[in-house]
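Chemist: Have a look at this one before I ask anything.
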Amino acid sequence: MMTLLKNTKWIWTSAEDAGKDIYRCFCKKFAVDAEFLRKRVFLEISADSFYTVFLNGVRCTATQFSDVPPQKTLSVIDITDLLHEGENRIAVRVHYIGEAFFTYCPGEPGLYALIRSGETFLEQTGSDWKCAPDPTYHSGLCTKLTRQLGYVFEYDASKEDLWFHPGFDDSAWAFTQIPDFAPRTLEPRPVPFLKELPCPEVKIVQAGYIRRFSSDKKTFAESVSGDYMLPGCMEKLFENQTFSEGSSCLAVKLRPDNSVPLTFTGLEEQANGYYLIADLGRETVGYIHLRLNASLGTVVDIAHGEHLDDGRVRAANHGRNFADRFLCREGENVFLHPLRRIGARYLELHVTNLSGPFSVLYAGVVPVELPLPEKEGFHTDDRLFQQVHKVAADTLKLCMHEHYEDCPWREQALYPYDSRNQILYAYSLWGNYDFAAASLDLLGRSYGSQGYLGIVSPSKKPDMLAIPSFTMVWITELYEHFLHTGSLKLFQKFIPVVDDILDKALARRDPESTLYFNEKKANIWNFYEWTENLSRQDTFPQSPYNLYLREALLSAASLHEADGNRDRAVFLRDTAASLGTQIERTFRDPEAGGYSTLLPGKVRLNEHVQVLMLFHNLVPEDRVRTVFESLCSGKLVPISYSALSYFVRALMPLGPEARAFVEKTISEQFEPPVLSGATSLWETAFGADDFAFAGSLCHAWSSIHVYYAGAYVLGVTPLAPGFRKFSVRPCPGRLLRASGAVPTPSGDIRVSWTQTPAGLALEVEHPAELEPVFDQYPEFPVASILCNGKTLL
């Protein structure tokens, strides 16, 4: 941890300037001599809420990490190549949110910056910096994109004054003030800066005219959704373009370096604007980027979405507003908004208030992604299996930025349950243990006195909504991190939190049933998955809560034992054993052929509960077949994508029929959308129509395919912390051959196999310090083993 130094100075415009959704500008000139430039020069910077920093007019690609104030993170940027001998200028735009969202925990507005070379300080924020309201962004707009994600923006390019350029005259600006508050600590940014990628070529899939009947809509998204749209013919819509007769808009492509503008012709009668829909080619996460030619005051509303199921982007949806506004200056307009990411496949521009020609050179995004290690990945001749695996991996990447996030379009929030799936799955692809640890650490900081984590993080307030089962899953995440890394560091940091969670949970015990219950309060959401009986359940006792509690008890016991706390481990393990016996006895429903969510006979059985019972090995051997047949019957409430990790791990040990059922289920769930052209995996099987037509089409809890490929098709799983001992037990299913690598802290384990008439021909390469344990499934016997160049079988 980096402790905040006494001479560290945070600045702001004034103590009274602390509204919501406000944009402020800061700048300072400083001199650099040749001697100073002989070494690397670094900028340390932190802000609440988010910043964009410019050195001599050049934007740095750094961003603020998601914090839980009063602890803040500090980014360190190498700015050597942006400086020159003589006068230089730093300029920073700060967007202060000021309101709690699922992606932001409110702190006090402020900025800290320091330029140094080694231990020599050159410049630091202080009362000699200048500040002013941002002239271009509409401060105080406070229109929520969603209640989870943050605010939309309105940008007026006609008010651009190049305040961030070196030659700008800031003499009229006020001096900054040093507020009374300051963060307790500054910690190093725990994850890499996001990497900006080249802008994709976009296709214009639809364009035409609009009729806007009213300009007094409450939000930009409502204006867009209320516009009447009339698709136009290409020959009539655009000037100086050559099309074959009857060609569609798909013939029009815009490249980011496009020099020939797509210019609209005059408006049709009764139309008062244009529209254009750009296809980014795939689900993309990044910053809105525009290049336009327009007359002064032209209004461009920019909607974004993941599909065109309505024939247009679904901009306004039950209080969600997926549209921002750009007001044009006269002539050329070039715009980038790096203060908020969007997740989208399509951009829809609605252009109104026209007083002259309008043309588009580019309308798209600057994609951003987390830098990830180059890995060998997974390979098979089965092209459909390979494509589903690729889409699953892409979905994971699209949900990894400052931390793991549920979906990039609607929320970008870090949930314990979602992240548990994502982290487990990504271990099979990249390892990325530090990134996982940063997310788990952020979740742990949301812990409050009531005994639960917040539903998401960064967020921490007394009345924060909490999901008890998600809190229990976080403890299991800590154990799985230890199992894959061999490091107890994260657990050791949160031992008091883990113990307090479990002690409070064990204190909520019903003396009659001897089961445990979660509280029924306004800020407690008893949720397990988005299905019947489990999306909200306030009747007690509940089997899923007790099962998730039992998993947390066992995870904590293993962690305590590894950390040398044997007495605590024995207590937790004994408690889990007793609880398991009582769960099986209480929720057994012989007439229904399985285990009930509530007391038997109360509700229809859920597949989720059957899977959890099998996963915990609580089903007596003589009842396993009955429960499995119930799962296959199609009569239970189906399990959702979110719980498929339990489904796979529960059924794979049961036998050939169960393993074939797992393969069939994964294929049937994910191959159809991929075959239909999906470039990311959906939140639920109902796609965009779920959640009152707000379903996400990119949700990484659905990326079970990458875990299945690594842990079962290649067959590699850790048996001891850090993979010191690991299992190799391939389950080919329908595949004839496969190869790939599973990362470990010591290096990659590479596996390849081919099905032969005699059985599997298996080859394995692994770091010398790791010990493989070979096993086989009876329906897929192993005929030969070549391990690190030695023939073992």
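Within each chain, counting starts at residue 1; across the structure tokens, chains are named A, B, ... in the order shown, with ligands numbered 1 upward in that order.
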What's the 12 Å shell around A:Asp418, counting only C-alpha atoms, without same-chain residues fewer than 6 positions away, as an mmCIF file with N, CA, C and O atoms, in the first residue's frame?

Modeler:
```cif
data_model
loop_
_atom_site.group_PDB
_atom_site.id
_atom_site.type_symbol
_atom_site.label_atom_id
_atom_site.label_comp_id
_atom_site.auth_asym_id
_atom_site.auth_seq_id
_atom_site.Cartn_x
_atom_site.Cartn_y
_atom_site.Cartn_z
ATOM 1 N N LEU A 396 -15.895 -13.113 -22.700
ATOM 2 C CA LEU A 396 -15.131 -12.846 -21.484
ATOM 3 C C LEU A 396 -14.308 -11.565 -21.620
ATOM 4 O O LEU A 396 -14.309 -10.717 -20.721
ATOM 5 N N CYS A 399 -16.047 -8.345 -21.230
ATOM 6 C CA CYS A 399 -16.530 -8.070 -19.875
ATOM 7 C C CYS A 399 -15.374 -7.958 -18.883
ATOM 8 O O CYS A 399 -15.529 -8.236 -17.696
ATOM 9 N N MET A 400 -14.207 -7.558 -19.376
ATOM 10 C CA MET A 400 -13.019 -7.372 -18.536
ATOM 11 C C MET A 400 -12.404 -6.024 -18.872
ATOM 12 O O MET A 400 -11.834 -5.851 -19.956
ATOM 13 N N HIS A 403 -12.347 -3.972 -14.075
ATOM 14 C CA HIS A 403 -12.592 -5.160 -13.266
ATOM 15 C C HIS A 403 -13.488 -6.068 -14.102
ATOM 16 O O HIS A 403 -13.873 -5.713 -15.226
ATOM 17 N N TYR A 404 -13.805 -7.236 -13.601
ATOM 18 C CA TYR A 404 -14.812 -8.038 -14.284
ATOM 19 C C TYR A 404 -16.136 -7.294 -14.231
ATOM 20 O O TYR A 404 -16.457 -6.627 -13.239
ATOM 21 N N GLU A 405 -16.915 -7.386 -15.297
ATOM 22 C CA GLU A 405 -18.218 -6.724 -15.330
ATOM 23 C C GLU A 405 -19.241 -7.662 -15.938
ATOM 24 O O GLU A 405 -18.906 -8.507 -16.777
ATOM 25 N N ASP A 406 -20.482 -7.510 -15.494
ATOM 26 C CA ASP A 406 -21.515 -8.447 -15.934
ATOM 27 C C ASP A 406 -21.803 -8.318 -17.419
ATOM 28 O O ASP A 406 -21.875 -9.296 -18.146
ATOM 29 N N CYS A 407 -21.999 -7.092 -17.896
ATOM 30 C CA CYS A 407 -22.270 -6.864 -19.307
ATOM 31 C C CYS A 407 -21.810 -5.453 -19.661
ATOM 32 O O CYS A 407 -21.946 -4.538 -18.855
ATOM 33 N N GLN A 412 -22.082 -2.802 -16.720
ATOM 34 C CA GLN A 412 -20.637 -2.773 -16.475
ATOM 35 C C GLN A 412 -20.329 -2.908 -14.981
ATOM 36 O O GLN A 412 -19.397 -2.282 -14.464
ATOM 37 N N LEU A 424 -13.394 -17.973 -12.825
ATOM 38 C CA LEU A 424 -13.133 -19.401 -12.978
ATOM 39 C C LEU A 424 -12.907 -19.761 -14.445
ATOM 40 O O LEU A 424 -11.979 -20.509 -14.779
ATOM 41 N N TYR A 425 -13.736 -19.215 -15.319
ATOM 42 C CA TYR A 425 -13.611 -19.528 -16.740
ATOM 43 C C TYR A 425 -12.307 -18.960 -17.313
ATOM 44 O O TYR A 425 -11.616 -19.618 -18.089
ATOM 45 N N SER A 439 -10.331 -7.696 -8.694
ATOM 46 C CA SER A 439 -11.791 -7.719 -8.616
ATOM 47 C C SER A 439 -12.270 -8.271 -7.281
ATOM 48 O O SER A 439 -13.208 -7.748 -6.666
ATOM 49 N N LEU A 440 -11.632 -9.341 -6.806
ATOM 50 C CA LEU A 440 -12.020 -9.924 -5.524
ATOM 51 C C LEU A 440 -11.745 -8.963 -4.376
ATOM 52 O O LEU A 440 -12.526 -8.874 -3.419
ATOM 53 N N LEU A 443 -14.456 -6.317 -4.389
ATOM 54 C CA LEU A 443 -15.681 -6.855 -3.796
ATOM 55 C C LEU A 443 -15.586 -6.887 -2.279
ATOM 56 O O LEU A 443 -16.540 -6.531 -1.570
ATOM 57 N N ILE A 455 -24.201 -5.646 -3.222
ATOM 58 C CA ILE A 455 -24.586 -6.402 -4.418
ATOM 59 C C ILE A 455 -23.536 -6.255 -5.511
ATOM 60 O O ILE A 455 -23.326 -7.164 -6.320
ATOM 61 N N VAL A 456 -22.858 -5.112 -5.524
ATOM 62 C CA VAL A 456 -21.796 -4.846 -6.483
ATOM 63 C C VAL A 456 -20.704 -4.056 -5.783
ATOM 64 O O VAL A 456 -20.869 -3.599 -4.651
ATOM 65 N N SER A 469 -26.656 -14.916 -1.006
ATOM 66 C CA SER A 469 -25.969 -16.022 -1.691
ATOM 67 C C SER A 469 -24.724 -15.521 -2.418
ATOM 68 O O SER A 469 -23.719 -16.240 -2.521
ATOM 69 N N PHE A 470 -24.746 -14.293 -2.929
ATOM 70 C CA PHE A 470 -23.585 -13.737 -3.626
ATOM 71 C C PHE A 470 -22.430 -13.538 -2.649
ATOM 72 O O PHE A 470 -21.264 -13.723 -3.015
ATOM 73 N N THR A 471 -22.755 -13.143 -1.416
ATOM 74 C CA THR A 471 -21.710 -12.985 -0.407
ATOM 75 C C THR A 471 -21.028 -14.319 -0.138
ATOM 76 O O THR A 471 -19.800 -14.404 -0.005
ATOM 77 N N VAL A 473 -20.773 -16.840 -2.173
ATOM 78 C CA VAL A 473 -19.999 -17.221 -3.355
ATOM 79 C C VAL A 473 -18.654 -16.508 -3.382
ATOM 80 O O VAL A 473 -17.648 -17.059 -3.855
ATOM 81 N N TRP A 474 -18.602 -15.279 -2.860
ATOM 82 C CA TRP A 474 -17.323 -14.552 -2.821
ATOM 83 C C TRP A 474 -16.279 -15.325 -2.012
ATOM 84 O O TRP A 474 -15.099 -15.365 -2.388
ATOM 85 N N GLU A 477 -14.957 -17.869 -4.173
ATOM 86 C CA GLU A 477 -14.029 -17.254 -5.129
ATOM 87 C C GLU A 477 -12.629 -17.124 -4.534
ATOM 88 O O GLU A 477 -11.623 -17.343 -5.228
ATOM 89 N N TYR A 528 -31.215 -16.071 -6.464
ATOM 90 C CA TYR A 528 -30.286 -17.143 -6.838
ATOM 91 C C TYR A 528 -30.060 -17.194 -8.347
ATOM 92 O O TYR A 528 -28.947 -17.379 -8.809
ATOM 93 N N GLU A 529 -31.115 -17.094 -9.118
ATOM 94 C CA GLU A 529 -30.987 -16.985 -10.566
ATOM 95 C C GLU A 529 -32.311 -16.475 -11.120
ATOM 96 O O GLU A 529 -33.335 -16.443 -10.420
ATOM 97 N N TYR A 641 -28.201 -19.824 -17.521
ATOM 98 C CA TYR A 641 -26.789 -19.796 -17.880
ATOM 99 C C TYR A 641 -25.896 -19.495 -16.685
ATOM 100 O O TYR A 641 -24.755 -19.960 -16.612
ATOM 101 N N SER A 642 -26.399 -18.713 -15.736
ATOM 102 C CA SER A 642 -25.559 -18.270 -14.626
ATOM 103 C C SER A 642 -25.066 -19.421 -13.765
ATOM 104 O O SER A 642 -24.014 -19.314 -13.130
ATOM 105 N N ALA A 643 -25.811 -20.527 -13.709
ATOM 106 C CA ALA A 643 -25.462 -21.628 -12.812
ATOM 107 C C ALA A 643 -24.878 -22.831 -13.553
ATOM 108 O O ALA A 643 -24.758 -23.917 -12.981
ATOM 109 N N LEU A 644 -24.490 -22.649 -14.807
ATOM 110 C CA LEU A 644 -24.003 -23.791 -15.586
ATOM 111 C C LEU A 644 -22.670 -24.332 -15.074
ATOM 112 O O LEU A 644 -22.332 -25.489 -15.328
ATOM 113 N N SER A 645 -21.900 -23.521 -14.354
ATOM 114 C CA SER A 645 -20.649 -24.061 -13.816
ATOM 115 C C SER A 645 -20.937 -25.178 -12.822
ATOM 116 O O SER A 645 -20.197 -26.171 -12.747
ATOM 117 N N GLU A 683 -27.132 -13.117 -22.081
ATOM 118 C CA GLU A 683 -27.357 -13.188 -20.639
ATOM 119 C C GLU A 683 -28.247 -14.369 -20.273
ATOM 120 O O GLU A 683 -27.990 -15.079 -19.296
ATOM 121 N N HIS A 699 -22.828 -11.334 -22.091
ATOM 122 C CA HIS A 699 -22.847 -11.562 -20.646
ATOM 123 C C HIS A 699 -21.927 -12.736 -20.350
ATOM 124 O O HIS A 699 -22.223 -13.879 -20.706
ATOM 125 N N ALA A 700 -20.816 -12.461 -19.683
ATOM 126 C CA ALA A 700 -19.749 -13.463 -19.604
ATOM 127 C C ALA A 700 -20.036 -14.594 -18.630
ATOM 128 O O ALA A 700 -19.277 -15.568 -18.603
ATOM 129 N N TRP A 701 -21.102 -14.518 -17.823
ATOM 130 C CA TRP A 701 -21.400 -15.696 -17.005
ATOM 131 C C TRP A 701 -21.837 -16.859 -17.892
ATOM 132 O O TRP A 701 -21.965 -17.996 -17.426
ATOM 133 N N SER A 702 -22.065 -16.572 -19.185
ATOM 134 C CA SER A 702 -22.462 -17.613 -20.134
ATOM 135 C C SER A 702 -21.278 -18.293 -20.813
ATOM 136 O O SER A 702 -21.478 -19.195 -21.633
ATOM 137 N N SER A 703 -20.052 -17.894 -20.477
ATOM 138 C CA SER A 703 -18.874 -18.421 -21.183
ATOM 139 C C SER A 703 -18.387 -19.752 -20.622
ATOM 140 O O SER A 703 -17.175 -20.013 -20.572
ATOM 141 N N ILE A 704 -19.311 -20.607 -20.222
ATOM 142 C CA ILE A 704 -18.979 -21.919 -19.661
ATOM 143 C C ILE A 704 -18.158 -22.751 -20.649
ATOM 144 O O ILE A 704 -17.367 -23.610 -20.237
#
```

Chemist: Which residues are near stretch 92-109 of chain A? Cut-off 7 Å, only C-alpha atoms, ignore same chain within fewer than 4 positions. Put them as JSON, numbers by chain.

Modeler: {"A": [12, 18, 19, 20, 21, 22, 23, 24, 25, 26, 27, 48, 49, 50, 51, 52, 53, 54, 66, 67, 68, 69, 70, 147, 148, 149, 150, 412, 413, 456, 457, 458, 459, 460]}

Chemist: Running DSSP on the backbone, which parts of stretch 348-552 of chain A land in helix (DSSP H, G or I), as a PyMOL selection string?

Modeler: chain A and resi 383-398+416-427+433-444+468-485+489-493+495-507+543-552

Chemist: Which neighbours of stretch 379-387 of chain A fall inside 8 Å, counting only C-alpha atoms, when residues of the same chain fewer than 3 positions from it are skipped, and could you give them as a PyMOL selection string?

Modeler: chain A and resi 390-391+671+674+735-740

Chemist: Out of A:Ile45, A:Leu770, A:Leu429, A:Ala678, which residue has the shortest atom-to-atom distance to A:Gly110 when counting only C-alpha atoms?

Modeler: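 Closest to A:Gly110 of all the choices is A:Ile45.
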
Chemist: For a test of reading the model, state the distance in Å between atom CA of A:Glu591 and atom CA of A:Glu629, rounded to one decimal.

Modeler: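 A separation of 13.5 Å between them.
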
Chemist: How many Å lie between atom CA of A:Leu336 and atom CA of A:Tyr274, rounded to one decimal?

Modeler: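 Taking atom CA of A:Leu336 and atom CA of A:Tyr274, their separation equals 21.6 Å.
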
Chemist: Where does DSSP see strand (DSSP E or B) in stretch 348-514 of chain A, if you list the residues as a ChimeraX atom specification?

Modeler: /A:348-352,359-369,378-380,400,404,414,457,466,509

Chemist: Using only C-alpha atoms, can you tell me which of A:Val202, A:Gly677, A:Ala556, A:Gly126 comes closest to A:Pro496?

Modeler: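 Nearest candidate to A:Pro496 out of A:Val202, A:Gly677, A:Ala556, A:Gly126: A:Ala556.
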